[in-house]
Each structure stands twice: as structure tokens, then as C-alpha cells.
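work.csv follows (CSV, C-alpha atoms):
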chain,number,residue,atom,x,y,z
A,1,MET,CA,48.3,-14.0,45.0
A,2,SER,CA,45.8,-15.2,42.6
A,3,GLU,CA,47.3,-15.3,39.0
A,4,ALA,CA,50.7,-14.2,40.3
A,5,ASP,CA,53.8,-14.9,38.3
A,6,LEU,CA,56.3,-16.5,40.7
A,7,THR,CA,58.4,-18.2,38.0
A,8,GLY,CA,61.7,-19.2,39.6
A,9,ALA,CA,60.8,-17.8,43.0
A,10,VAL,CA,62.8,-18.9,46.0
A,11,LEU,CA,60.2,-19.8,48.6
A,12,ILE,CA,62.1,-22.1,50.8
A,13,ALA,CA,60.2,-22.8,54.1
A,14,ALA,CA,57.7,-20.1,53.1
A,15,GLN,CA,54.4,-20.0,55.1
A,16,LEU,CA,51.7,-20.1,52.4
A,17,ASP,CA,48.9,-21.8,54.5
A,18,TRP,CA,45.5,-21.1,53.0
A,19,ALA,CA,47.0,-18.9,50.3
A,20,ASP,CA,45.0,-18.2,47.1
A,21,LEU,CA,47.4,-19.3,44.3
A,22,TRP,CA,44.6,-19.8,41.7
A,23,ASN,CA,46.1,-19.8,38.2
A,24,ALA,CA,49.5,-18.7,39.6
A,25,VAL,CA,52.7,-19.5,37.7
A,26,LEU,CA,55.3,-21.2,39.9
A,27,MET,CA,57.4,-22.8,37.1
A,28,GLY,CA,60.8,-23.7,38.5
A,29,ALA,CA,60.0,-22.3,41.9
A,30,ASP,CA,61.9,-23.6,44.9
A,31,LEU,CA,59.3,-24.5,47.5
A,32,ARG,CA,61.4,-26.9,49.6
A,33,GLN,CA,60.0,-27.2,53.1
A,34,ALA,CA,57.3,-24.7,52.3
A,35,SER,CA,53.8,-25.0,53.9
A,36,LEU,CA,50.9,-24.8,51.5
A,37,TYR,CA,48.4,-26.3,54.0
A,38,GLY,CA,44.9,-25.7,52.7
A,39,ALA,CA,46.1,-23.5,49.8
A,40,ASN,CA,44.0,-23.0,46.7
A,41,CYS,CA,46.4,-23.9,43.9
A,42,GLU,CA,43.7,-24.7,41.3
A,43,SER,CA,45.0,-24.3,37.7
A,44,ALA,CA,48.4,-23.2,38.9
A,45,ASN,CA,51.5,-24.2,37.0
A,46,PHE,CA,54.1,-26.0,39.1
A,47,SER,CA,56.2,-27.3,36.2
A,48,LEU,CA,59.8,-28.0,37.3
A,49,ALA,CA,59.0,-26.7,40.8
A,50,ASN,CA,60.8,-28.3,43.8
A,51,LEU,CA,58.2,-29.3,46.4
A,52,SER,CA,60.6,-31.5,48.4
A,53,GLY,CA,59.5,-31.8,52.0
A,54,ALA,CA,56.6,-29.3,51.5
A,55,ASP,CA,53.4,-29.6,53.5
A,56,LEU,CA,50.7,-29.8,50.9
A,57,ARG,CA,48.0,-31.3,53.1
A,58,GLU,CA,44.4,-30.3,52.3
A,59,ALA,CA,45.6,-28.1,49.4
A,60,ASN,CA,43.6,-27.9,46.2
A,61,PHE,CA,45.7,-28.7,43.1
A,62,GLU,CA,42.7,-29.3,40.8
A,63,GLN,CA,43.7,-28.8,37.1
A,64,ALA,CA,47.3,-27.8,38.2
A,65,GLN,CA,50.3,-28.6,36.0
A,66,PHE,CA,53.3,-30.6,37.4
A,67,ASN,CA,55.6,-31.4,34.5
A,68,GLY,CA,58.9,-32.3,36.0
A,69,ALA,CA,58.0,-31.2,39.5
A,70,CYS,CA,59.7,-32.9,42.5
A,71,PHE,CA,57.6,-34.2,45.5
A,72,ASP,CA,60.4,-35.9,47.4
A,73,GLN,CA,59.2,-36.3,51.1
A,74,ALA,CA,56.3,-33.9,50.6
A,75,ILE,CA,53.3,-34.4,52.9
A,76,VAL,CA,50.3,-34.7,50.7
A,77,ARG,CA,47.5,-36.4,52.8
A,78,GLY,CA,44.2,-34.9,51.8
A,79,ALA,CA,45.5,-32.8,48.9
A,80,LEU,CA,43.2,-32.8,46.0
A,81,PHE,CA,44.7,-33.5,42.5
A,82,THR,CA,41.5,-33.7,40.4
A,83,ASP,CA,42.5,-33.4,36.7
A,84,ALA,CA,46.1,-32.4,37.5
A,85,SER,CA,48.4,-32.9,34.6
A,86,GLY,CA,52.1,-33.6,34.0
A,87,LEU,CA,52.5,-36.2,36.8
A,88,ALA,CA,54.5,-39.3,36.0
A,89,ASP,CA,52.9,-42.7,36.7
A,90,GLU,CA,55.4,-43.3,39.5
A,91,GLN,CA,54.5,-39.9,41.1
A,92,LYS,CA,50.7,-40.7,40.8
A,93,ARG,CA,51.3,-44.0,42.6
A,94,TRP,CA,53.3,-42.4,45.3
A,95,LEU,CA,50.8,-39.6,45.8
A,96,ARG,CA,47.9,-42.1,46.1
A,97,GLN,CA,50.0,-44.1,48.6
A,98,GLN,CA,50.6,-41.0,50.7
A,99,GLY,CA,46.9,-40.1,50.9
A,100,ALA,CA,46.5,-37.6,48.1
A,101,LEU,CA,42.9,-37.5,46.7
A,102,ASN,CA,41.5,-37.9,43.1
A,103,VAL,CA,44.9,-38.6,41.5
A,104,ASP,CA,44.3,-40.0,38.0
A,105,ARG,CA,45.3,-43.6,37.4
Rendering of file as C-alpha cells:
Amino acid sequence: MSEADLTGAVLIAAQLDWADLWNAVLMGADLRQASLYGANCESANFSLANLSGADLREANFEQAQFNGACFDQAIVRGALFTDASGLADEQKRWLRQQGALNVDR
């Protein structure tokens, strides 16, 4: 699914473990309770996406965009956020507290 356009997709509780979502567009996607364990989401656009309760452990979000994204109750331990953009300061603090890696300060 590399470079896929999933704008506005409804992916509630979807099993996307180890998926290749490199450079994918998931703007406004509903990913509540989805599992993206170990997924490659490098350079993907998650702006306005709902990631509430999603399992994001060990996923790679390097250079991903998150403007207006929601992470409520997401599981982020070990997820990599190197050079991710669009995260509010409060989201950055929460991600670091929950064990996400390389979240900008």
C-alpha cells in the first residue's frame, strides 16, 4: 500500500500490522482501534486522522505529518517519530511519556 491514497478511509479496527504505508495519504482517515504494529508509515500524511485506541507499537512514523491528528488512548510504545511534523507540544509530551521514540522537543 506504499503511496496509497486513503484519504477519509474508514479503517476502524483494521489489521495493518507490518503494512508498508510509505508516503501514503491517510488524511482524515478513521483508524480508531486499528493495529499498525510494526508498520512502515514513513513520510505518510495522517493529518486530521483519528488514531484513538490504535496500536502503533514499533511503527515507523519518520517524517510523517500529523496536523490535527488524534492519538487518544493510542498505544505508542516503541513507535518511531523522528522528524514527524504537525504534532502539538501537548501531543509530543504525551507521546514521550507513553514510550514513543525520537519525538522532537
Task: Pairwise distance for atom CA of Ala79 of chain A and atom CA of Phe61 of chain A, rounded to one decimal in Å - done: 7.1 Å
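The two atoms in question, atom CA of Leu36 of chain A and atom CA of Asn50 of chain A, are spaced 13.0 Å apart.
Computed from the coordinates, the atom CA of Gln97 of chain A to atom CA of Trp18 of chain A distance equals 23.8 Å.
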Task: Minimum-distance residue to Leu51 of chain A, chosen among A:Phe81, A:Ile12, A:Ala88, A:Glu3 (using all atoms listed in the file) - done: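 Selected residue with least distance to Leu51 of chain A: A:Ile12.
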Task: Residue among A:Asp104, A:Asp5, A:Glu58, A:Glu42 lying closest to Gly78 of chain A, counting all atoms listed in the file - done: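 The shortest atom-to-atom distance to Gly78 of chain A comes from A:Glu58.
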TODO: Would you be able to write out as a list in words which residues have an atom within 12 Å of (51.0, -18.0, 55.6) in the file's coordinates, counting only C-alpha atoms?
DONE: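 Here is the list of nearby residues: Met1, Leu11, Ala13, Ala14, Gln15, Leu16, Asp17, Trp18, Ala19, Asp20, Leu21, Ala34, Ser35, Leu36, Tyr37, Gly38 and Ala39 of chain A.
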TODO: Find the residue from A:Leu56, A:Leu26, A:Cys41, A:Ala49 that sits nearest to Ala84 of chain A; use only C-alpha atoms when measuring.
DONE: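 Distance minimum relative to Ala84 of chain A lands on A:Cys41.
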Open item on the list: Calculated over only C-alpha atoms, which of the candidates A:Ser85, A:Gln73, A:Gln91, A:Asn102 has the smallest distance to Phe46 of chain A?
Closed with: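 Closest residue, counting only C-alpha atoms: A:Ser85.
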- [ ] Would you mind telling me which residue in A:Leu48, A:Arg96, A:Trp22, A:Arg32 lies nearest to Asp72 of chain A when using all atoms listed in the file?
- [x]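 The closest residue to Asp72 of chain A is A:Arg32.
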Open item on the list: Could you check the closest approach to Asn40 of chain A for each of A:Leu101, A:Ala54, A:Cys70, A:Ala24 and tell me which residue wins, using only C-alpha atoms?
Closed with: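 Closest candidate: A:Ala24.
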TODO: In the coordinate frame of the file, compute which residues have an atom within 7 Å of (52.7, -40.3, 53.0) when using all atoms listed in the file, and state them as a PyMOL selection string.
DONE: chain A and resi 75-77+97-99
Could those selected residues go to a file with C-alpha atoms, as an mmCIF file, keeping the file's coordinate frame?
data_model
loop_
_atom_site.group_PDB
_atom_site.id
_atom_site.type_symbol
_atom_site.label_atom_id
_atom_site.label_comp_id
_atom_site.auth_asym_id
_atom_site.auth_seq_id
_atom_site.Cartn_x
_atom_site.Cartn_y
_atom_site.Cartn_z
ATOM 1 C CA ILE A 75 53.300 -34.400 52.900
ATOM 2 C CA VAL A 76 50.300 -34.700 50.700
ATOM 3 C CA ARG A 77 47.500 -36.400 52.800
ATOM 4 C CA GLN A 97 50.000 -44.100 48.600
ATOM 5 C CA GLN A 98 50.600 -41.000 50.700
ATOM 6 C CA GLY A 99 46.900 -40.100 50.900
#
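Using all atoms listed in the file, the contacts of Ala9 of chain A at a cut-off of 7 Å, with sequence neighbours closer than 2 positions omitted, comprise A:Leu6, A:Thr7, A:Leu11, A:Ala29, A:Asp30.
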Would you mind completing segment 27-62 of chain A to N, CA and C atoms and writing the output as a PDB file, in the frame of the given file?
ATOM      1  N   MET A  27      56.479 -21.914  37.910  1.00  0.00           N
ATOM      2  CA  MET A  27      57.400 -22.800  37.100  1.00  0.00           C
ATOM      3  C   MET A  27      58.818 -22.591  37.684  1.00  0.00           C
ATOM      4  N   GLY A  28      59.441 -23.719  38.010  1.00  0.00           N
ATOM      5  CA  GLY A  28      60.800 -23.700  38.500  1.00  0.00           C
ATOM      6  C   GLY A  28      60.976 -23.092  39.882  1.00  0.00           C
ATOM      7  N   ALA A  29      59.880 -22.867  40.585  1.00  0.00           N
ATOM      8  CA  ALA A  29      60.000 -22.300  41.900  1.00  0.00           C
ATOM      9  C   ALA A  29      60.566 -23.279  42.914  1.00  0.00           C
ATOM     10  N   ASP A  30      61.299 -22.766  43.881  1.00  0.00           N
ATOM     11  CA  ASP A  30      61.900 -23.600  44.900  1.00  0.00           C
ATOM     12  C   ASP A  30      61.034 -23.483  46.174  1.00  0.00           C
ATOM     13  N   LEU A  31      60.217 -24.491  46.382  1.00  0.00           N
ATOM     14  CA  LEU A  31      59.300 -24.500  47.500  1.00  0.00           C
ATOM     15  C   LEU A  31      59.656 -25.583  48.520  1.00  0.00           C
ATOM     16  N   ARG A  32      60.950 -25.901  48.610  1.00  0.00           N
ATOM     17  CA  ARG A  32      61.400 -26.900  49.600  1.00  0.00           C
ATOM     18  C   ARG A  32      60.988 -26.475  50.986  1.00  0.00           C
ATOM     19  N   GLN A  33      60.412 -27.443  51.726  1.00  0.00           N
ATOM     20  CA  GLN A  33      60.000 -27.200  53.100  1.00  0.00           C
ATOM     21  C   GLN A  33      58.950 -26.149  53.304  1.00  0.00           C
ATOM     22  N   ALA A  34      58.332 -25.682  52.220  1.00  0.00           N
ATOM     23  CA  ALA A  34      57.300 -24.700  52.300  1.00  0.00           C
ATOM     24  C   ALA A  34      55.998 -25.305  52.847  1.00  0.00           C
ATOM     25  N   SER A  35      55.131 -24.509  53.435  1.00  0.00           N
ATOM     26  CA  SER A  35      53.800 -25.000  53.900  1.00  0.00           C
ATOM     27  C   SER A  35      52.745 -24.340  53.032  1.00  0.00           C
ATOM     28  N   LEU A  36      52.022 -25.201  52.309  1.00  0.00           N
ATOM     29  CA  LEU A  36      50.900 -24.800  51.500  1.00  0.00           C
ATOM     30  C   LEU A  36      49.608 -25.406  52.039  1.00  0.00           C
ATOM     31  N   TYR A  37      49.564 -25.641  53.338  1.00  0.00           N
ATOM     32  CA  TYR A  37      48.400 -26.300  54.000  1.00  0.00           C
ATOM     33  C   TYR A  37      47.130 -25.559  53.587  1.00  0.00           C
ATOM     34  N   GLY A  38      46.190 -26.299  52.981  1.00  0.00           N
ATOM     35  CA  GLY A  38      44.900 -25.700  52.700  1.00  0.00           C
ATOM     36  C   GLY A  38      44.892 -24.686  51.562  1.00  0.00           C
ATOM     37  N   ALA A  39      46.000 -24.514  50.876  1.00  0.00           N
ATOM     38  CA  ALA A  39      46.100 -23.500  49.800  1.00  0.00           C
ATOM     39  C   ALA A  39      45.240 -23.829  48.623  1.00  0.00           C
ATOM     40  N   ASN A  40      44.718 -22.807  47.960  1.00  0.00           N
ATOM     41  CA  ASN A  40      44.000 -23.000  46.700  1.00  0.00           C
ATOM     42  C   ASN A  40      44.972 -22.803  45.563  1.00  0.00           C
ATOM     43  N   CYS A  41      45.395 -23.913  44.968  1.00  0.00           N
ATOM     44  CA  CYS A  41      46.400 -23.900  43.900  1.00  0.00           C
ATOM     45  C   CYS A  41      45.708 -24.374  42.579  1.00  0.00           C
ATOM     46  N   GLU A  42      44.407 -24.204  42.489  1.00  0.00           N
ATOM     47  CA  GLU A  42      43.700 -24.700  41.300  1.00  0.00           C
ATOM     48  C   GLU A  42      44.208 -23.967  40.058  1.00  0.00           C
ATOM     49  N   SER A  43      44.479 -24.760  39.021  1.00  0.00           N
ATOM     50  CA  SER A  43      45.000 -24.300  37.700  1.00  0.00           C
ATOM     51  C   SER A  43      46.331 -23.646  37.760  1.00  0.00           C
ATOM     52  N   ALA A  44      47.067 -23.810  38.846  1.00  0.00           N
ATOM     53  CA  ALA A  44      48.400 -23.200  38.900  1.00  0.00           C
ATOM     54  C   ALA A  44      49.412 -24.101  38.164  1.00  0.00           C
ATOM     55  N   ASN A  45      50.513 -23.489  37.750  1.00  0.00           N
ATOM     56  CA  ASN A  45      51.500 -24.200  37.000  1.00  0.00           C
ATOM     57  C   ASN A  45      52.778 -24.387  37.887  1.00  0.00           C
ATOM     58  N   PHE A  46      53.008 -25.636  38.305  1.00  0.00           N
ATOM     59  CA  PHE A  46      54.100 -26.000  39.100  1.00  0.00           C
ATOM     60  C   PHE A  46      55.201 -26.765  38.338  1.00  0.00           C
ATOM     61  N   SER A  47      55.227 -26.616  37.029  1.00  0.00           N
ATOM     62  CA  SER A  47      56.200 -27.300  36.200  1.00  0.00           C
ATOM     63  C   SER A  47      57.609 -27.016  36.657  1.00  0.00           C
ATOM     64  N   LEU A  48      58.407 -28.065  36.827  1.00  0.00           N
ATOM     65  CA  LEU A  48      59.800 -28.000  37.300  1.00  0.00           C
ATOM     66  C   LEU A  48      59.987 -27.384  38.659  1.00  0.00           C
ATOM     67  N   ALA A  49      58.908 -27.267  39.416  1.00  0.00           N
ATOM     68  CA  ALA A  49      59.000 -26.700  40.800  1.00  0.00           C
ATOM     69  C   ALA A  49      59.550 -27.824  41.719  1.00  0.00           C
ATOM     70  N   ASN A  50      60.256 -27.384  42.745  1.00  0.00           N
ATOM     71  CA  ASN A  50      60.800 -28.300  43.800  1.00  0.00           C
ATOM     72  C   ASN A  50      59.905 -28.173  45.002  1.00  0.00           C
ATOM     73  N   LEU A  51      59.112 -29.215  45.239  1.00  0.00           N
ATOM     74  CA  LEU A  51      58.200 -29.300  46.400  1.00  0.00           C
ATOM     75  C   LEU A  51      58.694 -30.249  47.440  1.00  0.00           C
ATOM     76  N   SER A  52      59.978 -30.528  47.441  1.00  0.00           N
ATOM     77  CA  SER A  52      60.600 -31.500  48.400  1.00  0.00           C
ATOM     78  C   SER A  52      60.304 -31.084  49.821  1.00  0.00           C
ATOM     79  N   GLY A  53      59.739 -32.005  50.593  1.00  0.00           N
ATOM     80  CA  GLY A  53      59.500 -31.800  52.000  1.00  0.00           C
ATOM     81  C   GLY A  53      58.416 -30.737  52.300  1.00  0.00           C
ATOM     82  N   ALA A  54      57.696 -30.306  51.281  1.00  0.00           N
ATOM     83  CA  ALA A  54      56.600 -29.300  51.500  1.00  0.00           C
ATOM     84  C   ALA A  54      55.408 -29.928  52.127  1.00  0.00           C
ATOM     85  N   ASP A  55      54.698 -29.133  52.909  1.00  0.00           N
ATOM     86  CA  ASP A  55      53.400 -29.600  53.500  1.00  0.00           C
ATOM     87  C   ASP A  55      52.308 -29.140  52.598  1.00  0.00           C
ATOM     88  N   LEU A  56      51.757 -30.106  51.883  1.00  0.00           N
ATOM     89  CA  LEU A  56      50.700 -29.800  50.900  1.00  0.00           C
ATOM     90  C   LEU A  56      49.349 -30.381  51.360  1.00  0.00           C
ATOM     91  N   ARG A  57      49.238 -30.717  52.636  1.00  0.00           N
ATOM     92  CA  ARG A  57      48.000 -31.300  53.100  1.00  0.00           C
ATOM     93  C   ARG A  57      46.807 -30.371  52.889  1.00  0.00           C
ATOM     94  N   GLU A  58      45.708 -31.008  52.456  1.00  0.00           N
ATOM     95  CA  GLU A  58      44.400 -30.300  52.300  1.00  0.00           C
ATOM     96  C   GLU A  58      44.450 -29.246  51.169  1.00  0.00           C
ATOM     97  N   ALA A  59      45.554 -29.113  50.435  1.00  0.00           N
ATOM     98  CA  ALA A  59      45.600 -28.100  49.400  1.00  0.00           C
ATOM     99  C   ALA A  59      44.826 -28.564  48.152  1.00  0.00           C
ATOM    100  N   ASN A  60      44.345 -27.615  47.379  1.00  0.00           N
ATOM    101  CA  ASN A  60      43.600 -27.900  46.200  1.00  0.00           C
ATOM    102  C   ASN A  60      44.480 -27.677  44.956  1.00  0.00           C
ATOM    103  N   PHE A  61      44.849 -28.785  44.286  1.00  0.00           N
ATOM    104  CA  PHE A  61      45.700 -28.700  43.100  1.00  0.00           C
ATOM    105  C   PHE A  61      44.849 -29.149  41.852  1.00  0.00           C
ATOM    106  N   GLU A  62      43.565 -28.895  41.892  1.00  0.00           N
ATOM    107  CA  GLU A  62      42.700 -29.300  40.800  1.00  0.00           C
ATOM    108  C   GLU A  62      43.146 -28.548  39.508  1.00  0.00           C
TER     109      GLU A  62
END
